[in-house]
Amino acid sequence: MKQYLYEYFSSTSGGLSLTDVVINFIAAAIIAVLIFISYRISHAGTLYSRKFNVSLVMLVMVTTLVMNVIGNNIALSLGMVGALSIVRFRTAIKDPRDTAYIFWAIAVGICCGVSDYLIAGIGSFLIFMIMAIFGYARETERVLIIIRGASLAEGNISNTVDSMFKGKARVRVTNIDLENKQMETIYEVTSTQLEKAQSNGTVAERMQQLEGITGIDIVRQEDEVNQ
């Protein structure tokens, strides 16, 4: 039985010709450029990381290389799986879409590595069109408005903020210092809500009209940091 399995694994190896290998890499490079363009468009702005985008192109080529090496050799494929299983990647994925792009790059590399250009081309074209339509989905930038003042002014602050943002401002934290009779309230709004509220005057200007206000901070929260 062992001899039979050994002969079977050894006989199921099919090497690729030089022409096949070159065509596989050319096809992989063309589709990798498509992935590069798609990622650049969908992640335009502070979310875009050129290094990660270049790594997607490299991932397509490396996967194609691995598939060319494996070919139809079952024994080699099993050994490759065992060798790669010891590798651990701990790179943080900051955008859930990045995971989809990684799988896209690996899938293209596998298809091109086995010379299945039709599936790679049609699949990549459809994914590219979907990302072109829905790829601009981003988190709305959040803004924190920190207001400090006398604790007696809490009611006036709340009424003014509700009036400015039409009740859409959400209270995140309220700190009250009973000893010094001071308070601090943090409101969360979106950047769009802030722009609409400031059409008739800034938040600072409106709050300065209230008695007991000692300080106002406006902090913009960005979920992604440009690399």
# chains A, B, ... in the order shown; residues from 1 in each chain; ligands from 1
call {"tool": "residues_around", "arguments": {"residues": "Thr174 in chain A", "least_positions_apart": "2", "cutoff": "7 Å", "atoms": "only C-alpha atoms", "output": "list in words"}}
result
Ile176, Glu184, Thr185 and Ile186 of chain A
call {"tool": "write_last_selection", "arguments": {"atoms": "all heavy atoms", "output": "PDB file, in the first residue's frame"}}
result
ATOM      1  N   ILE A 176     -19.014  65.725  36.867  1.00  0.00           N
ATOM      2  CA  ILE A 176     -19.408  66.851  37.734  1.00  0.00           C
ATOM      3  C   ILE A 176     -18.508  66.860  38.963  1.00  0.00           C
ATOM      4  O   ILE A 176     -18.381  65.851  39.660  1.00  0.00           O
ATOM      5  CB  ILE A 176     -20.882  66.734  38.169  1.00  0.00           C
ATOM      6  CG1 ILE A 176     -21.792  66.779  36.924  1.00  0.00           C
ATOM      7  CG2 ILE A 176     -21.247  67.863  39.129  1.00  0.00           C
ATOM      8  CD1 ILE A 176     -23.262  66.603  37.241  1.00  0.00           C
ATOM      9  N   GLU A 184     -18.186  68.901  33.227  1.00  0.00           N
ATOM     10  CA  GLU A 184     -17.652  68.708  31.879  1.00  0.00           C
ATOM     11  C   GLU A 184     -18.533  67.691  31.166  1.00  0.00           C
ATOM     12  O   GLU A 184     -18.758  66.592  31.670  1.00  0.00           O
ATOM     13  CB  GLU A 184     -16.210  68.202  31.936  1.00  0.00           C
ATOM     14  CG  GLU A 184     -15.608  67.942  30.555  1.00  0.00           C
ATOM     15  CD  GLU A 184     -14.215  67.334  30.633  1.00  0.00           C
ATOM     16  OE1 GLU A 184     -14.134  66.132  30.968  1.00  0.00           O
ATOM     17  OE2 GLU A 184     -13.241  68.049  30.378  1.00  0.00           O
ATOM     18  N   THR A 185     -19.026  68.065  30.007  1.00  0.00           N
ATOM     19  CA  THR A 185     -19.899  67.192  29.224  1.00  0.00           C
ATOM     20  C   THR A 185     -19.296  66.999  27.842  1.00  0.00           C
ATOM     21  O   THR A 185     -18.834  67.961  27.214  1.00  0.00           O
ATOM     22  CB  THR A 185     -21.318  67.787  29.086  1.00  0.00           C
ATOM     23  OG1 THR A 185     -21.863  68.024  30.384  1.00  0.00           O
ATOM     24  CG2 THR A 185     -22.225  66.831  28.323  1.00  0.00           C
ATOM     25  N   ILE A 186     -19.303  65.745  27.392  1.00  0.00           N
ATOM     26  CA  ILE A 186     -18.769  65.410  26.060  1.00  0.00           C
ATOM     27  C   ILE A 186     -19.922  64.932  25.193  1.00  0.00           C
ATOM     28  O   ILE A 186     -20.592  63.945  25.512  1.00  0.00           O
ATOM     29  CB  ILE A 186     -17.688  64.318  26.158  1.00  0.00           C
ATOM     30  CG1 ILE A 186     -16.539  64.790  27.060  1.00  0.00           C
ATOM     31  CG2 ILE A 186     -17.159  63.967  24.769  1.00  0.00           C
ATOM     32  CD1 ILE A 186     -15.465  63.747  27.274  1.00  0.00           C
TER      33      ILE A 186
END
call {"tool": "residues_around", "arguments": {"residues": "Asn156 in chain A", "least_positions_apart": "5", "cutoff": "9 Å", "atoms": "only C-alpha atoms", "output": "list in words"}}
result
Val161, Leu210 and Glu211 of chain A
call {"tool": "write_last_selection", "arguments": {"atoms": "N, CA and C atoms", "output": "CSV table (one decimal), in the first residue's frame"}}
result
chain,number,residue,atom,x,y,z
A,161,VAL,N,-27.3,72.8,23.1
A,161,VAL,CA,-26.8,71.8,22.2
A,161,VAL,C,-28.0,71.1,21.5
A,210,LEU,N,-23.5,81.8,26.7
A,210,LEU,CA,-24.0,81.3,27.9
A,210,LEU,C,-23.2,81.7,29.1
A,211,GLU,N,-23.8,81.9,30.2
A,211,GLU,CA,-23.0,82.2,31.4
A,211,GLU,C,-22.4,80.9,32.1
call {"tool": "atom_distance", "arguments": {"atom1": "CA of Thr64 in chain A", "atom2": "CA of Met131 in chain A"}}
result
23.3 Å
call {"tool": "residues_around", "arguments": {"residues": "Tyr117 in chain A", "least_positions_apart": "3", "cutoff": "12 Å", "atoms": "only C-alpha atoms", "output": "short mmCIF file (atom, residue, chain, number, x, y, z; two decimals) with C-alpha atoms, in the first residue's frame"}}
result
data_model
loop_
_atom_site.label_atom_id
_atom_site.label_comp_id
_atom_site.auth_asym_id
_atom_site.auth_seq_id
_atom_site.Cartn_x
_atom_site.Cartn_y
_atom_site.Cartn_z
CA ASP A 20 3.15 28.46 -19.77
CA ILE A 23 1.93 33.50 -19.71
CA ASN A 24 0.79 32.75 -16.16
CA PHE A 25 2.88 35.59 -14.77
CA ILE A 26 1.80 38.02 -17.48
CA ALA A 27 -1.87 37.28 -16.81
CA ALA A 28 -1.30 37.60 -13.07
CA ALA A 29 0.48 40.95 -13.54
CA ILE A 30 -2.36 42.35 -15.65
CA ILE A 31 -5.03 41.41 -13.13
CA THR A 64 1.18 32.47 -8.89
CA ALA A 107 -7.63 33.80 -5.59
CA VAL A 108 -6.23 35.53 -8.69
CA GLY A 109 -2.80 34.04 -8.02
CA ILE A 110 -4.26 30.55 -7.71
CA CYS A 111 -6.29 30.89 -10.92
CA CYS A 112 -3.37 32.26 -12.92
CA GLY A 113 -1.04 29.65 -11.44
CA VAL A 114 -3.22 26.87 -12.84
CA ALA A 120 -9.63 34.99 -13.00
CA GLY A 121 -10.55 37.60 -15.61
CA ILE A 122 -14.33 37.41 -15.31
CA GLY A 123 -14.26 37.21 -11.52
CA SER A 124 -11.85 40.13 -11.19
CA PHE A 125 -13.88 42.26 -13.62
#
call {"tool": "atom_distance", "arguments": {"atom1": "CA of Leu194 in chain A", "atom2": "CA of Asn175 in chain A"}}
result
22.8 Å
